[in-house]
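Novice: One structure, as structure tokens, below. Some questions next.
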Amino acid sequence: MTRDLRADVLVVGSGIAGLTAALRAARTSRVLLVTKGAIDDSATAKAQGGIAGALDPEDSPAQHAADTHIAGAGLCLEDAVRVLCQEGPARIRELIDLGVAFDRVEGDAEDPDLPYAMGLEGAHSRPRILHAGGDATGRAIEDALVRAVRRAPIEVLEQTALVDLLVIVPSSALSGPGAARVSDTPDVPAGTPCPAARDEEYQSANRGERGHGHGRGPERAPRVVGATFLGADGAPLEVRANAVVLATGGAGQLYSHTTNPEVATGDGVAAAWRAGARVADLEFVQFHPTALTGSAFLVSEAVRGEGAVLRDVEGRRFMLDIDPRAELSPRDVVARAIARVMASQHGHPVLLDATDIGRAELARRFPTIDAAVHAAGLDWASRPIPVTPAAHYAMGGIRTDLDGRASLPGLFAAGECACTGVHGANRLASNSLLEGAVFGARAGETAAVEAAGSAAGSDAESDAAPAAAFAALAAVPAAGPAWTRRDLQGLMWERVGLLRTGDRLAHAARVLDGWSAPAPSTVAAVEDRNLLHLARLTVAAARARTASAGAHHRLDDPSAAEGMAQHSPVPAPSAAPARETRPAPAARTLQEVPAC
């Protein structure tokens, strides 16, 4: 039997974006927060790097914004960057008020008379990164937010996985009564081209010139009125809500090598796409340059900020030959350089040399990394350690405006699962926690306001068709070749990874098109379905963008030499290839994936 719950605002996900959204919404609304694992099991909790913000009197939001634009390869949306960098310092101060003890220059982090220690990371022009506990910033933030949520009038449901969104379709758009449940949709072919959205249209949506629907009147648009879930015991749950905020994180589990936690299977993006929401920029996947070889453990960029360098197996420092910023180049540049060096040395990992930092400072500044390195039997104070790139962050996701509104009324998104355009083609280091705080707050506030003016959650049953009419949710999909999650991850790593070509992508498309999504009858099956759908959509987006940009690097693009500024509009499926251009910094081409 399906359990039923109700809320004004339903928040799915418990990282910094979800927890912040829930706290903001709970000021005026009845909030239910649902998370797939434990409430503190998130990518936020594992974040070693810090949170970026222009808090130093000698820094400014404008300088932070300039660095963000440069890292994003010219594809960042100007308004989104402005919001991030201007509102970021206030959100950081709110975290401090919640008890996050960011590191200070010397001595006790609780001493208010000491200035905060500002770290330097890749592609930042000056030190502006705050850390807590050396390299445990994410854990400190997560713990503080979880404590605040526990104190607030917020109902929390753990160990409960999102299956699909509940959507009401106006009867004028259907031949029969309104639909209540999104079922397993026909699989999108992995070779489907992704039309480019017009820059003006996307920017006007993010300026708030259009409401929900992004061009479709609210009276005609389907509306999200809740979601369906599976408990760890397989028991189904249905939640009705006036507004739904998705903050489900990324999809690093698409790849065989990732720094992401096991829960990062793209659940929110896949569910939103199946419901008909617009998703964008899925081709932009950031690979962190330095994961400890043989594990998913990330060695923070802050280590390079403190002076560590990268060497090949012969001991030669190679980044100086690639970019004048060397080891502090943007992540996409460093990761590709490592991949090329590894290829030239028969796949052997490169070496991160932190020996000049010193044993005592490594232990003091990076206690979490220091413990992990020693647990792996390595002594990084005396000799370099082996590192390799790993999938780390998704710049694309559910297309939203600056207040978190998705293209479907009633649906909001924030954090890594959302795409505001703030990261462009490559995220600036330590902007992810900031994004979750800034846009999580905006999404939570706006969702609460719109929930108060909506009766969708309470009146949906009168508009919905009987659930039996949508029994396809549990239907067994058409048979296809057997595949495993490991098969999919290996395919994506080899063919849709750091260095891409048309042939590699076409091969991935053919393989993915031959696989069938499993029925979402267990949590593992739900995750596998989401990963297959997102793999296909990622391949489609990567094939459509034939020019290199940021984290999307095409070896078959003649303009793809490192150090060159590339920006090429992606033609619509029927259009002729566009000539390469270099637009003004505010211009951007949004890769939009068609809704099903």
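Chains: A, B, ... in order of the structure tokens. Residues: from 1 per chain. Ligands: from 1, in order shown.
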A:Gly37: which residues within 7 Å, counting only C-alpha atoms, same-chain residues fewer than 3 positions away excluded, as a list in words?

Specialist: Asp41, Glu158, Gln159 and Thr160 of chain A

Novice: Neighbouring residues of A:Ala38 were defined as those with any atom within 12 Å, considering only C-alpha atoms; residues of the same chain fewer than 4 positions away were excluded. Please report them as number ranges by chain.

Specialist: A: 13-15, 33-34, 42, 45, 142, 146, 156-161, 232, 263

Novice: For A:Met395, which of A:Gly550, A:Gly358, A:Gly424, A:Pro324 is the closest residue, counting only C-alpha atoms?

Specialist: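 Going through A:Gly550, A:Gly358, A:Gly424, A:Pro324 one by one, the smallest distance to A:Met395 is for A:Gly424.
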
Novice: Pick the closest to A:Ala275 from A:Ile369, A:Ser407, A:Glu306, A:Gly138: which is it, counting only C-alpha atoms?

Specialist: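 Closest residue, counting only C-alpha atoms: A:Ser407.
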
Novice: Using DSSP on the backbone coordinates, identify all residues within stretch 251-290 of chain A classified as strand (DSSP E or B); present the result as a PyMOL selection string.

Specialist: chain A and resi 258+279-280+285-290

Novice: Measuring between only C-alpha atoms, which one of A:Asn242, A:Thr228, A:Thr484, A:Asn426 shows the shortest distance to A:Leu162?

Specialist: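 Residue with the minimum atom-to-atom distance to A:Leu162: A:Thr228.
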
Novice: Would you list the contacts of A:Pro153 as an MDAnalysis selection string, taking every protein, DNA or RNA residue within 8 Å and counting only C-alpha atoms, but skipping same-chain residues closer than 2 positions in sequence?

Specialist: chainID A and resid 26 30:31 149:151 155

Novice: Could you pull the residues within 7 Å of stretch 500-505 of chain A, counting only C-alpha atoms, minus those fewer than 2 positions along the same chain, as a VMD selection string?

Specialist: chain A and resid 495 to 498 507 to 509 539 543 553 to 556

Novice: Any chance you could list, as a PyMOL selection string, the residues in stretch 66-135 of chain A that come up helix (DSSP H, G or I) when DSSP is run on the backbone?

Specialist: chain A and resi 66-71+78-97

Novice: What is the distance, in Å and to one decimal place, between atom CA of A:Ala542 and atom CA of A:Thr248?

Specialist: 22.6 Å

Novice: Would you mind listing what lies within 12 Å of A:Lys46 as an MDAnalysis selection string, with only C-alpha atoms counted and same-chain residues fewer than 5 positions away left out?

Specialist: chainID A and resid 15:16 40:41 135:143 259:262 296:300 368:369 392 433

Novice: For the atom pair atom CA of A:Leu120 and atom CA of A:Val334, what is the interatomic distance in Å to one decimal place?

Specialist: 15.8 Å

Novice: Which value, in Å to one decimal, gives the distance between atom CA of A:Ala271 and atom CA of A:Arg442?

Specialist: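 Separation of atom CA of A:Ala271 and atom CA of A:Arg442: 21.7 Å.
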
Novice: Which residues come within 10 Å of A:Asp4, counting only C-alpha atoms, excluding same-chain residues fewer than 4 positions away, as a list in words?

Specialist: Thr228, Pro236, Leu237, Glu238, Val239 and Arg240 of chain A

Novice: Please produce an output containing C-alpha atoms for each residue in the selection, written as a PDB file, in the first residue's frame.

Specialist:
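Written out: again.pdb:
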ATOM      1  CA  THR A 228       6.773   9.487  -5.698  1.00  0.00           C
ATOM      2  CA  PRO A 236       6.195   3.249  -2.100  1.00  0.00           C
ATOM      3  CA  LEU A 237       5.450   6.753  -0.888  1.00  0.00           C
ATOM      4  CA  GLU A 238       3.559   9.596  -2.546  1.00  0.00           C
ATOM      5  CA  VAL A 239       4.038  13.187  -1.412  1.00  0.00           C
ATOM      6  CA  ARG A 240       1.727  15.979  -2.518  1.00  0.00           C
TER       7      ARG A 240
END

Novice: My list of candidates is A:Ala264, A:Val11, A:Leu292, A:Leu402. Which is closest to A:His374 when distances are computed with only C-alpha atoms?

Specialist: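 Smallest distance to A:His374 is found for A:Leu292.
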